[in-house]
$ cat entry31.pdb   # PDB, C-alpha atoms
ATOM      1  CA  MET A1015       0.000   0.000   0.000  1.00  0.00           C
ATOM      2  CA  GLN A1016       2.804   2.359   0.998  1.00  0.00           C
ATOM      3  CA  SER A1017       4.708   1.715  -2.245  1.00  0.00           C
ATOM      4  CA  VAL A1018       1.585   2.433  -4.320  1.00  0.00           C
ATOM      5  CA  LEU A1019       1.188   5.745  -2.498  1.00  0.00           C
ATOM      6  CA  LYS A1020       4.886   6.487  -2.938  1.00  0.00           C
ATOM      7  CA  ASP A1021       4.599   5.910  -6.700  1.00  0.00           C
ATOM      8  CA  ILE A1022       1.585   8.143  -7.098  1.00  0.00           C
ATOM      9  CA  THR A1023       3.075  10.875  -4.916  1.00  0.00           C
ATOM     10  CA  ALA A1024       6.082  10.953  -7.264  1.00  0.00           C
ATOM     11  CA  ILE A1025       3.855  12.486  -9.986  1.00  0.00           C
ATOM     12  CA  PRO A1026       4.581  16.230 -10.310  1.00  0.00           C
ATOM     13  CA  GLY A1027       2.017  18.335  -8.482  1.00  0.00           C
ATOM     14  CA  ILE A1028       1.022  15.666  -5.933  1.00  0.00           C
ATOM     15  CA  ILE A1029       1.735  16.692  -2.350  1.00  0.00           C
ATOM     16  CA  GLY A1030       0.526  13.548  -0.608  1.00  0.00           C
ATOM     17  CA  GLY A1031      -2.005  10.769  -0.611  1.00  0.00           C
ATOM     18  CA  LEU A1032      -3.849   8.450   1.709  1.00  0.00           C
ATOM     19  CA  ILE A1033      -5.889   5.272   1.633  1.00  0.00           C
ATOM     20  CA  SER A1034      -8.823   4.828   3.963  1.00  0.00           C
ATOM     21  CA  ASP A1035     -11.400   2.094   4.343  1.00  0.00           C
ATOM     22  CA  SER A1036     -15.005   2.935   3.587  1.00  0.00           C
ATOM     23  CA  ASN A1037     -15.710   3.531   7.296  1.00  0.00           C
ATOM     24  CA  GLY A1038     -13.164   6.332   7.414  1.00  0.00           C
ATOM     25  CA  ALA A1039     -10.294   4.463   9.102  1.00  0.00           C
ATOM     26  CA  LEU A1040      -6.892   5.581   7.815  1.00  0.00           C
ATOM     27  CA  LEU A1041      -4.967   2.609   6.345  1.00  0.00           C
ATOM     28  CA  ALA A1042      -1.857   4.268   4.899  1.00  0.00           C
ATOM     29  CA  HIS A1043      -0.560   7.707   3.928  1.00  0.00           C
ATOM     30  CA  SER A1044       2.314   9.412   2.190  1.00  0.00           C
ATOM     31  CA  PHE A1045       1.869  12.973   3.433  1.00  0.00           C
ATOM     32  CA  PRO A1046       4.836  15.070   4.529  1.00  0.00           C
ATOM     33  CA  GLN A1047       5.457  15.162   8.287  1.00  0.00           C
ATOM     34  CA  LEU A1048       3.937  18.612   8.713  1.00  0.00           C
ATOM     35  CA  PHE A1049       0.520  16.990   8.329  1.00  0.00           C
ATOM     36  CA  ASP A1050      -0.827  15.833  11.661  1.00  0.00           C
ATOM     37  CA  LEU A1051      -1.977  12.203  11.877  1.00  0.00           C
ATOM     38  CA  SER A1052      -5.112  13.143  13.834  1.00  0.00           C
ATOM     39  CA  ASP A1053      -6.025  15.675  11.123  1.00  0.00           C
ATOM     40  CA  MET A1054      -5.660  12.979   8.479  1.00  0.00           C
ATOM     41  CA  GLN A1055      -7.890  10.654  10.462  1.00  0.00           C
ATOM     42  CA  ALA A1056     -10.464  13.448  10.746  1.00  0.00           C
ATOM     43  CA  ILE A1057     -10.234  14.031   6.978  1.00  0.00           C
ATOM     44  CA  CYS A1058     -10.865  10.314   6.344  1.00  0.00           C
ATOM     45  CA  GLY A1059     -13.995  10.522   8.512  1.00  0.00           C
ATOM     46  CA  ASP A1060     -15.227  13.665   6.745  1.00  0.00           C
ATOM     47  CA  VAL A1061     -14.657  12.215   3.279  1.00  0.00           C
ATOM     48  CA  SER A1062     -16.338   8.962   4.275  1.00  0.00           C
ATOM     49  CA  ASN A1063     -19.359  10.927   5.558  1.00  0.00           C
ATOM     50  CA  CYS A1064     -19.473  13.002   2.385  1.00  0.00           C
ATOM     51  CA  LEU A1065     -19.372   9.901   0.143  1.00  0.00           C
ATOM     52  CA  ALA A1066     -22.171   8.305   2.142  1.00  0.00           C
ATOM     53  CA  GLY A1067     -24.194  11.513   2.432  1.00  0.00           C
ATOM     54  CA  MET A1068     -24.214  12.258  -1.285  1.00  0.00           C
ATOM     55  CA  GLN A1069     -24.902   8.694  -2.404  1.00  0.00           C
ATOM     56  CA  ASP A1070     -28.674   9.166  -2.806  1.00  0.00           C
ATOM     57  CA  ALA A1071     -28.198  12.338  -4.826  1.00  0.00           C
ATOM     58  CA  THR A1072     -25.633  10.987  -7.285  1.00  0.00           C
ATOM     59  CA  GLY A1073     -25.816   7.203  -7.195  1.00  0.00           C
ATOM     60  CA  SER A1074     -22.447   5.851  -6.124  1.00  0.00           C
ATOM     61  CA  ILE A1075     -19.739   8.503  -6.239  1.00  0.00           C
ATOM     62  CA  LYS A1076     -16.865   7.569  -8.519  1.00  0.00           C
ATOM     63  CA  LEU A1077     -14.733  10.682  -8.168  1.00  0.00           C
ATOM     64  CA  LEU A1078     -14.780  13.688  -5.894  1.00  0.00           C
ATOM     65  CA  ASP A1079     -12.839  16.742  -7.056  1.00  0.00           C
ATOM     66  CA  LEU A1080     -12.579  19.606  -4.559  1.00  0.00           C
ATOM     67  CA  ARG A1081     -10.853  22.743  -5.841  1.00  0.00           C
ATOM     68  CA  TYR A1082      -9.619  25.273  -3.319  1.00  0.00           C
ATOM     69  CA  ASP A1083      -7.755  28.577  -3.443  1.00  0.00           C
ATOM     70  CA  HIS A1084      -4.368  26.896  -2.950  1.00  0.00           C
ATOM     71  CA  GLY A1085      -4.847  23.238  -3.848  1.00  0.00           C
ATOM     72  CA  ARG A1086      -7.016  20.454  -5.066  1.00  0.00           C
ATOM     73  CA  VAL A1087      -8.270  17.313  -3.353  1.00  0.00           C
ATOM     74  CA  ILE A1088      -9.106  14.294  -5.515  1.00  0.00           C
ATOM     75  CA  VAL A1089     -10.913  11.293  -4.029  1.00  0.00           C
ATOM     76  CA  ARG A1090     -11.424   8.075  -5.963  1.00  0.00           C
ATOM     77  CA  GLN A1091     -13.960   5.790  -4.327  1.00  0.00           C
ATOM     78  CA  MET A1092     -13.701   2.012  -4.635  1.00  0.00           C
ATOM     79  CA  PRO A1093     -16.146  -0.531  -3.137  1.00  0.00           C
ATOM     80  CA  LYS A1094     -14.203  -1.099   0.109  1.00  0.00           C
ATOM     81  CA  TYR A1095     -11.890   1.880   0.345  1.00  0.00           C
ATOM     82  CA  PHE A1096     -11.043   5.271  -1.087  1.00  0.00           C
ATOM     83  CA  LEU A1097      -7.851   6.910  -2.305  1.00  0.00           C
ATOM     84  CA  LEU A1098      -7.366  10.607  -1.538  1.00  0.00           C
ATOM     85  CA  LEU A1099      -4.740  12.811  -3.146  1.00  0.00           C
ATOM     86  CA  LEU A1100      -3.772  16.377  -2.322  1.00  0.00           C
ATOM     87  CA  CYS A1101      -2.442  18.212  -5.372  1.00  0.00           C
ATOM     88  CA  ASP A1102      -1.257  21.701  -6.123  1.00  0.00           C
ATOM     89  CA  LEU A1103      -3.131  23.797  -8.673  1.00  0.00           C
ATOM     90  CA  GLN A1104      -0.688  22.921 -11.462  1.00  0.00           C
ATOM     91  CA  ALA A1105      -1.385  19.176 -11.271  1.00  0.00           C
ATOM     92  CA  ASN A1106      -2.301  17.580 -14.584  1.00  0.00           C
ATOM     93  CA  LEU A1107      -5.695  15.961 -13.860  1.00  0.00           C
ATOM     94  CA  PRO A1108      -5.964  13.695 -16.941  1.00  0.00           C
ATOM     95  CA  LEU A1109      -2.473  12.320 -16.225  1.00  0.00           C
ATOM     96  CA  LEU A1110      -3.382  11.930 -12.581  1.00  0.00           C
ATOM     97  CA  LEU A1111      -6.559  10.003 -13.415  1.00  0.00           C
ATOM     98  CA  ILE A1112      -4.541   7.517 -15.490  1.00  0.00           C
ATOM     99  CA  SER A1113      -2.112   7.066 -12.587  1.00  0.00           C
ATOM    100  CA  ILE A1114      -5.027   6.621 -10.176  1.00  0.00           C
ATOM    101  CA  ASN A1115      -6.407   3.829 -12.388  1.00  0.00           C
ATOM    102  CA  VAL A1116      -3.011   2.106 -12.310  1.00  0.00           C
ATOM    103  CA  SER A1117      -2.839   2.468  -8.513  1.00  0.00           C
ATOM    104  CA  VAL A1118      -6.357   1.099  -8.076  1.00  0.00           C
ATOM    105  CA  ASN A1119      -5.416  -1.901 -10.202  1.00  0.00           C
ATOM    106  CA  THR A1120      -2.262  -2.480  -8.143  1.00  0.00           C
ATOM    107  CA  LEU A1121      -4.192  -2.117  -4.910  1.00  0.00           C
ATOM    108  CA  LYS A1122      -6.874  -4.608  -5.925  1.00  0.00           C
ATOM    109  CA  PRO A1123      -5.081  -7.822  -4.799  1.00  0.00           C
ATOM    110  CA  ILE A1124      -3.628  -6.063  -1.730  1.00  0.00           C
ATOM    111  CA  MET A1125      -7.049  -4.893  -0.578  1.00  0.00           C
ATOM    112  CA  GLU A1126      -8.602  -8.309  -1.223  1.00  0.00           C
ATOM    113  CA  THR A1127      -5.852 -10.003   0.824  1.00  0.00           C
ATOM    114  CA  GLY A1128      -6.272  -7.357   3.462  1.00  0.00           C
ATOM    115  CA  MET A1129      -9.954  -8.105   3.694  1.00  0.00           C
ATOM    116  CA  GLN A1130      -9.191 -11.835   4.128  1.00  0.00           C
ATOM    117  CA  LEU A1131      -6.885 -11.032   7.027  1.00  0.00           C
ATOM    118  CA  ILE A1132      -9.758  -9.617   9.017  1.00  0.00           C
ATOM    119  CA  PRO A1133     -10.513 -12.217  11.707  1.00  0.00           C
ATOM    120  CA  LYS A1134     -13.799 -14.005  11.256  1.00  0.00           C
ATOM    121  CA  ALA A1135     -15.863 -15.640  14.007  1.00  0.00           C
ATOM    122  CA  VAL A1136     -15.455 -19.396  13.548  1.00  0.00           C
ATOM    123  CA  PRO A1137     -17.516 -21.773  15.719  1.00  0.00           C
ATOM    124  CA  GLN A1138     -15.152 -23.708  17.973  1.00  0.00           C
ATOM    125  CA  GLN A1139     -15.467 -27.366  19.015  1.00  0.00           C
ATOM    126  CA  ILE A1140     -16.560 -27.958  22.582  1.00  0.00           C
ATOM    127  CA  LYS A1141     -13.597 -29.444  24.439  1.00  0.00           C
ATOM    128  CA  GLU A1142     -13.994 -31.909  27.317  1.00  0.00           C
ATOM    129  CA  ASP A1143     -13.074 -30.327  30.603  1.00  0.00           C
ATOM    130  CA  ALA A1144     -10.022 -32.301  31.772  1.00  0.00           C
ATOM    131  CA  GLY A1145     -10.086 -30.596  35.162  1.00  0.00           C
ATOM    132  CA  SER A1146     -13.602 -31.744  36.055  1.00  0.00           C
ATOM    133  CA  LYS A1147     -12.776 -35.318  34.914  1.00  0.00           C
ATOM    134  CA  SER A1148      -9.813 -35.600  37.268  1.00  0.00           C
ATOM    135  CA  LEU A1149     -11.860 -34.053  40.102  1.00  0.00           C
ATOM    136  CA  ASN A1150     -14.489 -36.748  39.592  1.00  0.00           C
ATOM    137  CA  LYS A1151     -11.755 -39.422  39.843  1.00  0.00           C
ATOM    138  CA  ILE A1152     -10.451 -37.955  43.136  1.00  0.00           C
ATOM    139  CA  VAL A1153     -13.974 -37.856  44.608  1.00  0.00           C
ATOM    140  CA  GLU A1154     -14.660 -41.466  43.516  1.00  0.00           C
ATOM    141  CA  ALA A1155     -11.323 -42.629  44.958  1.00  0.00           C
ATOM    142  CA  SER A1156     -12.019 -40.802  48.236  1.00  0.00           C
ATOM    143  CA  ILE A1157     -15.465 -42.454  48.539  1.00  0.00           C
ATOM    144  CA  ALA A1158     -13.974 -45.887  47.781  1.00  0.00           C
ATOM    145  CA  SER A1159     -11.247 -45.487  50.414  1.00  0.00           C
ATOM    146  CA  GLY A1160     -13.802 -44.359  53.004  1.00  0.00           C
ATOM    147  CA  MET A1161     -12.339 -40.889  53.429  1.00  0.00           C
ATOM    148  CA  ILE A1162     -15.766 -39.302  52.687  1.00  0.00           C
TER     149      ILE A1162
ATOM    150  CA  MET B 523     -29.628  30.005 -21.884  1.00  0.00           C
ATOM    151  CA  GLN B 524     -30.478  26.349 -21.747  1.00  0.00           C
ATOM    152  CA  ILE B 525     -27.952  23.541 -21.397  1.00  0.00           C
ATOM    153  CA  ASN B 526     -29.568  20.211 -22.174  1.00  0.00           C
ATOM    154  CA  GLU B 527     -27.344  18.136 -19.901  1.00  0.00           C
ATOM    155  CA  VAL B 528     -28.196  20.271 -16.875  1.00  0.00           C
ATOM    156  CA  GLU B 529     -31.098  18.740 -14.942  1.00  0.00           C
ATOM    157  CA  TYR B 530     -31.424  21.465 -12.334  1.00  0.00           C
ATOM    158  CA  ALA B 531     -29.626  24.521 -11.041  1.00  0.00           C
ATOM    159  CA  VAL B 532     -30.264  26.383  -7.834  1.00  0.00           C
ATOM    160  CA  ALA B 533     -28.684  29.175  -5.842  1.00  0.00           C
ATOM    161  CA  ALA B 534     -28.384  28.622  -2.114  1.00  0.00           C
ATOM    162  CA  ALA B 535     -27.336  30.531   0.959  1.00  0.00           C
ATOM    163  CA  LYS B 536     -24.343  29.226   2.917  1.00  0.00           C
ATOM    164  CA  ASN B 537     -26.711  27.464   5.329  1.00  0.00           C
ATOM    165  CA  GLY B 538     -28.197  25.412   2.470  1.00  0.00           C
ATOM    166  CA  ALA B 539     -31.460  27.344   2.125  1.00  0.00           C
ATOM    167  CA  ALA B 540     -32.648  27.848  -1.450  1.00  0.00           C
ATOM    168  CA  VAL B 541     -32.671  31.382  -2.855  1.00  0.00           C
ATOM    169  CA  ASP B 542     -35.572  32.348  -5.162  1.00  0.00           C
ATOM    170  CA  ASP B 543     -36.781  28.770  -5.433  1.00  0.00           C
ATOM    171  CA  ASP B 544     -39.719  27.515  -3.354  1.00  0.00           C
ATOM    172  CA  SER B 545     -39.912  24.052  -4.902  1.00  0.00           C
ATOM    173  CA  PHE B 546     -39.161  20.825  -3.031  1.00  0.00           C
ATOM    174  CA  GLU B 547     -36.513  19.925  -5.617  1.00  0.00           C
ATOM    175  CA  GLY B 548     -34.883  23.318  -5.210  1.00  0.00           C
ATOM    176  CA  ALA B 549     -34.792  22.941  -1.431  1.00  0.00           C
ATOM    177  CA  THR B 550     -33.240  19.455  -1.773  1.00  0.00           C
ATOM    178  CA  HIS B 551     -30.490  20.567  -4.143  1.00  0.00           C
ATOM    179  CA  ALA B 552     -29.799  23.699  -2.108  1.00  0.00           C
ATOM    180  CA  ALA B 553     -29.390  21.558   1.016  1.00  0.00           C
ATOM    181  CA  GLN B 554     -26.949  19.325  -0.872  1.00  0.00           C
ATOM    182  CA  ALA B 555     -24.909  22.419  -1.750  1.00  0.00           C
ATOM    183  CA  GLY B 556     -24.891  23.451   1.914  1.00  0.00           C
ATOM    184  CA  TYR B 557     -23.733  19.990   2.986  1.00  0.00           C
ATOM    185  CA  ILE B 558     -20.944  19.812   0.376  1.00  0.00           C
ATOM    186  CA  SER B 559     -19.785  23.308   1.332  1.00  0.00           C
ATOM    187  CA  MET B 560     -19.694  22.396   5.022  1.00  0.00           C
ATOM    188  CA  ILE B 561     -17.775  19.100   4.631  1.00  0.00           C
ATOM    189  CA  ALA B 562     -15.428  20.398   1.914  1.00  0.00           C
ATOM    190  CA  GLY B 563     -14.763  23.458   4.076  1.00  0.00           C
ATOM    191  CA  LYS B 564     -13.698  21.209   6.977  1.00  0.00           C
ATOM    192  CA  ILE B 565     -11.419  19.163   4.700  1.00  0.00           C
ATOM    193  CA  GLY B 566      -9.900  22.358   3.261  1.00  0.00           C
ATOM    194  CA  ASN B 567      -9.216  23.741   6.745  1.00  0.00           C
ATOM    195  CA  GLN B 568      -7.515  20.543   7.861  1.00  0.00           C
ATOM    196  CA  MET B 569      -5.345  20.496   4.744  1.00  0.00           C
ATOM    197  CA  GLY B 570      -4.595  24.211   4.788  1.00  0.00           C
ATOM    198  CA  VAL B 571      -5.570  24.829   1.162  1.00  0.00           C
ATOM    199  CA  GLY B 572      -7.826  27.838   1.650  1.00  0.00           C
ATOM    200  CA  ASN B 573     -11.450  28.298   0.680  1.00  0.00           C
ATOM    201  CA  LEU B 574     -13.422  25.965  -1.531  1.00  0.00           C
ATOM    202  CA  LYS B 575     -14.124  27.303  -5.008  1.00  0.00           C
ATOM    203  CA  VAL B 576     -15.648  24.376  -6.864  1.00  0.00           C
ATOM    204  CA  ALA B 577     -16.722  20.864  -5.891  1.00  0.00           C
ATOM    205  CA  ALA B 578     -17.218  18.418  -8.748  1.00  0.00           C
ATOM    206  CA  ILE B 579     -18.835  15.106  -7.849  1.00  0.00           C
ATOM    207  CA  HIS B 580     -18.821  12.450 -10.544  1.00  0.00           C
ATOM    208  CA  GLY B 581     -21.669  10.059  -9.752  1.00  0.00           C
ATOM    209  CA  SER B 582     -23.010   7.009 -11.511  1.00  0.00           C
ATOM    210  CA  HIS B 583     -26.530   8.473 -12.007  1.00  0.00           C
ATOM    211  CA  ARG B 584     -25.921  12.193 -11.664  1.00  0.00           C
ATOM    212  CA  HIS B 585     -23.052  14.625 -11.367  1.00  0.00           C
ATOM    213  CA  ILE B 586     -22.958  17.678  -9.152  1.00  0.00           C
ATOM    214  CA  LEU B 587     -21.045  20.887  -9.774  1.00  0.00           C
ATOM    215  CA  MET B 588     -21.136  23.172  -6.785  1.00  0.00           C
ATOM    216  CA  TYR B 589     -19.650  26.674  -7.076  1.00  0.00           C
ATOM    217  CA  GLN B 590     -18.936  28.525  -3.893  1.00  0.00           C
ATOM    218  CA  GLN B 591     -18.867  32.282  -3.964  1.00  0.00           C
ATOM    219  CA  LYS B 592     -18.590  34.711  -1.080  1.00  0.00           C
ATOM    220  CA  ASN B 593     -22.196  34.600   0.102  1.00  0.00           C
ATOM    221  CA  VAL B 594     -23.860  32.195  -2.264  1.00  0.00           C
ATOM    222  CA  LEU B 595     -23.570  28.610  -3.419  1.00  0.00           C
ATOM    223  CA  ILE B 596     -24.631  27.550  -6.890  1.00  0.00           C
ATOM    224  CA  ASN B 597     -25.519  23.902  -7.294  1.00  0.00           C
ATOM    225  CA  VAL B 598     -25.765  22.491 -10.804  1.00  0.00           C
ATOM    226  CA  ILE B 599     -27.081  18.962 -11.274  1.00  0.00           C
ATOM    227  CA  VAL B 600     -25.842  17.331 -14.467  1.00  0.00           C
ATOM    228  CA  SER B 601     -27.167  14.174 -16.094  1.00  0.00           C
ATOM    229  CA  GLY B 602     -25.013  11.120 -15.380  1.00  0.00           C
ATOM    230  CA  SER B 603     -25.095  10.106 -19.033  1.00  0.00           C
ATOM    231  CA  THR B 604     -22.684  12.903 -19.946  1.00  0.00           C
ATOM    232  CA  GLN B 605     -19.011  13.452 -19.068  1.00  0.00           C
ATOM    233  CA  LEU B 606     -18.826  16.175 -16.447  1.00  0.00           C
ATOM    234  CA  GLY B 607     -15.515  17.496 -17.765  1.00  0.00           C
ATOM    235  CA  SER B 608     -16.922  18.131 -21.229  1.00  0.00           C
ATOM    236  CA  ILE B 609     -19.852  20.225 -20.006  1.00  0.00           C
ATOM    237  CA  GLU B 610     -18.088  22.055 -17.187  1.00  0.00           C
ATOM    238  CA  GLN B 611     -16.581  24.748 -19.377  1.00  0.00           C
ATOM    239  CA  THR B 612     -19.974  25.559 -20.891  1.00  0.00           C
ATOM    240  CA  ILE B 613     -21.525  25.881 -17.433  1.00  0.00           C
ATOM    241  CA  GLN B 614     -18.661  28.039 -16.192  1.00  0.00           C
ATOM    242  CA  LYS B 615     -18.893  30.340 -19.218  1.00  0.00           C
ATOM    243  CA  THR B 616     -22.640  30.678 -18.718  1.00  0.00           C
ATOM    244  CA  LEU B 617     -22.220  31.491 -15.045  1.00  0.00           C
ATOM    245  CA  SER B 618     -19.478  34.028 -15.626  1.00  0.00           C
ATOM    246  CA  SER B 619     -21.430  35.714 -18.420  1.00  0.00           C
ATOM    247  CA  GLY B 620     -24.034  36.593 -15.766  1.00  0.00           C
ATOM    248  CA  HIS B 621     -27.117  34.761 -17.014  1.00  0.00           C
ATOM    249  CA  SER B 622     -29.510  34.673 -14.090  1.00  0.00           C
ATOM    250  CA  GLY B 623     -32.532  32.625 -13.072  1.00  0.00           C
ATOM    251  CA  SER B 624     -32.152  29.807 -10.620  1.00  0.00           C
ATOM    252  CA  GLN B 625     -34.528  27.137 -11.751  1.00  0.00           C
ATOM    253  CA  ASN B 626     -34.408  24.183 -14.043  1.00  0.00           C
ATOM    254  CA  LYS B 627     -31.738  24.409 -16.724  1.00  0.00           C
ATOM    255  CA  ASP B 628     -32.133  28.121 -17.441  1.00  0.00           C
ATOM    256  CA  PHE B 629     -29.187  30.269 -16.440  1.00  0.00           C
TER     257      PHE B 629
END
$ encode --input "entry31.pdb" --output "structure tokens"
Amino acid sequence: MQSVLKDITAIPGIIGGLISDSNGALLAHSFPQLFDLSDMQAICGDVSNCLAGMQDATGSIKLLDLRYDHGRVIVRQMPKYFLLLLCDLQANLPLLLISINVSVNTLKPIMETGMQLIPKAVPQQIKEDAGSKSLNKIVEASIASGMI
Amino acid sequence: MQINEVEYAVAAAKNGAAVDDDSFEGATHAAQAGYISMIAGKIGNQMGVGNLKVAAIHGSHRHILMYQQKNVLINVIVSGSTQLGSIEQTIQKTLSSGHSGSQNKDF
């Protein structure tokens, strides 16, 4: 994940990028150190809310392009995660969109493996309680020897 | 001026209330503009990139182009069957040329 972000951040005009799951949990980022981790987590939550909030109005959101006075934020939404990039105003969007498609393709197996790593609740076999068995034996032996 | 790909256009106050449009549809789209402005504003603050100018949302059924000016938001709903990039320039030209009228396609 980190190498995918590193590759995409190498494109001229890209300041940093992050990957978040669809619930807004930050998975990886390549932002410079001046960006606070808690801010990035808050951004993931805000973007996740925005994607969910606007779903009825647009159908599923494929791309979110926010243009500001001093930069541009591009969000590409995938079924289980989203990729966010912060660019400067000179960034070449068509070139960036091609690179995003490549990154999404590279991330596909990683994200699928990642999803498999999530622990699942598996019903466990009921084990015989060895402790209670040996206690029964002691009690039986005590009765037989006349101690009880 | 009418742009065929535009399904609806509405002006809204910063709080998401429709301006000069009493319809239910107008109120809905104005509220969407208010919501986008609020969330995008928070993201912009956290990233230190200044004020939001334009939000372009590429959806599967519909696209949204939301322009934020000093005291007003303009929300333009574009049909999902068209490429947003191709129509954006036409919308921007229309807006900057000062055509007015908030409702349904007519700028």
$ interface_residues --input "entry31.pdb" --of "chain A" --to "chain B" --cutoff "7 Å" --atoms "all atoms listed in the file" --output "JSON, numbers by chain"
{"A": [1053, 1057, 1060, 1064, 1072, 1073, 1074, 1075, 1076, 1077, 1078, 1079, 1080, 1081, 1082, 1083, 1084, 1085]}
$ resolve_selection --input "entry31.pdb" --expression "the PyMOL selection byres ((chain B and resi 548) around 10)" --output "tab-separated table (two decimals) with C-alpha atoms, in the frame of the given file"
chain	number	residue	atom	x	y	z
B	530	TYR	CA	-31.42	21.46	-12.33
B	531	ALA	CA	-29.63	24.52	-11.04
B	532	VAL	CA	-30.26	26.38	-7.83
B	533	ALA	CA	-28.68	29.18	-5.84
B	534	ALA	CA	-28.38	28.62	-2.11
B	539	ALA	CA	-31.46	27.34	2.12
B	540	ALA	CA	-32.65	27.85	-1.45
B	541	VAL	CA	-32.67	31.38	-2.86
B	542	ASP	CA	-35.57	32.35	-5.16
B	543	ASP	CA	-36.78	28.77	-5.43
B	544	ASP	CA	-39.72	27.52	-3.35
B	545	SER	CA	-39.91	24.05	-4.90
B	546	PHE	CA	-39.16	20.82	-3.03
B	547	GLU	CA	-36.51	19.92	-5.62
B	549	ALA	CA	-34.79	22.94	-1.43
B	550	THR	CA	-33.24	19.45	-1.77
B	551	HIS	CA	-30.49	20.57	-4.14
B	552	ALA	CA	-29.80	23.70	-2.11
B	553	ALA	CA	-29.39	21.56	1.02
B	554	GLN	CA	-26.95	19.32	-0.87
B	597	ASN	CA	-25.52	23.90	-7.29
B	624	SER	CA	-32.15	29.81	-10.62
B	625	GLN	CA	-34.53	27.14	-11.75
B	626	ASN	CA	-34.41	24.18	-14.04
$ atom_distance --input "entry31.pdb" --atom1 "atom CA of Ile1025 of chain A" --atom2 "atom CA of Ile1114 of chain A"
10.6 Å
$ residues_around --input "entry31.pdb" --residues "Gly1059 of chain A" --least-positions-apart "6" --cutoff "9 Å" --atoms "only C-alpha atoms" --output "PDB file with C-alpha atoms, keeping the file's coordinate frame"
ATOM      1  CA  SER A1034      -8.823   4.828   3.963  1.00  0.00           C
ATOM      2  CA  ASN A1037     -15.710   3.531   7.296  1.00  0.00           C
ATOM      3  CA  GLY A1038     -13.164   6.332   7.414  1.00  0.00           C
ATOM      4  CA  ALA A1039     -10.294   4.463   9.102  1.00  0.00           C
ATOM      5  CA  LEU A1040      -6.892   5.581   7.815  1.00  0.00           C
TER       6      LEU A1040
END
$ residues_around --input "entry31.pdb" --residues "Ile613 of chain B" --least-positions-apart "5" --cutoff "9 Å" --atoms "only C-alpha atoms" --output "JSON list (two decimals) with C-alpha atoms, in the coordinates of the input"
[["chain", "number", "residue", "atom", "x", "y", "z"],
["B", 525, "ILE", "CA", -27.95, 23.54, -21.40],
["B", 528, "VAL", "CA", -28.20, 20.27, -16.88],
["B", 598, "VAL", "CA", -25.76, 22.49, -10.80],
["B", 618, "SER", "CA", -19.48, 34.03, -15.63],
["B", 629, "PHE", "CA", -29.19, 30.27, -16.44]]
$ atom_distance --input "entry31.pdb" --atom1 "atom CA of Lys536 of chain B" --atom2 "atom CA of Ala1056 of chain A"
22.4 Å
$ resolve_selection --input "entry31.pdb" --expression "the PyMOL selection byres ((chain A and resi 1089-1106) around 6)" --output "list in words"
Gly1027, Ile1028, Ile1029, Gly1030, Gly1031, Leu1032, Ile1033, Ser1034, Asp1035, Ser1036, Lys1076, Leu1077, Leu1078, Gly1085, Arg1086, Val1087, Ile1088, Leu1107, Pro1108 and Leu1109 of chain A
$ write_last_selection --input "entry31.pdb" --atoms "C-alpha atoms" --output "compact mmCIF listing (two decimals), keeping the file's coordinate frame"
# COMPACT_ATOMS: atom_id res chain seq x y z
CA GLY A 1027 2.02 18.34 -8.48
CA ILE A 1028 1.02 15.67 -5.93
CA ILE A 1029 1.74 16.69 -2.35
CA GLY A 1030 0.53 13.55 -0.61
CA GLY A 1031 -2.00 10.77 -0.61
CA LEU A 1032 -3.85 8.45 1.71
CA ILE A 1033 -5.89 5.27 1.63
CA SER A 1034 -8.82 4.83 3.96
CA ASP A 1035 -11.40 2.09 4.34
CA SER A 1036 -15.00 2.94 3.59
CA LYS A 1076 -16.86 7.57 -8.52
CA LEU A 1077 -14.73 10.68 -8.17
CA LEU A 1078 -14.78 13.69 -5.89
CA GLY A 1085 -4.85 23.24 -3.85
CA ARG A 1086 -7.02 20.45 -5.07
CA VAL A 1087 -8.27 17.31 -3.35
CA ILE A 1088 -9.11 14.29 -5.52
CA LEU A 1107 -5.70 15.96 -13.86
CA PRO A 1108 -5.96 13.70 -16.94
CA LEU A 1109 -2.47 12.32 -16.23
$ atom_distance --input "entry31.pdb" --atom1 "atom CA of Ala535 of chain B" --atom2 "atom CA of Leu595 of chain B"
6.1 Å
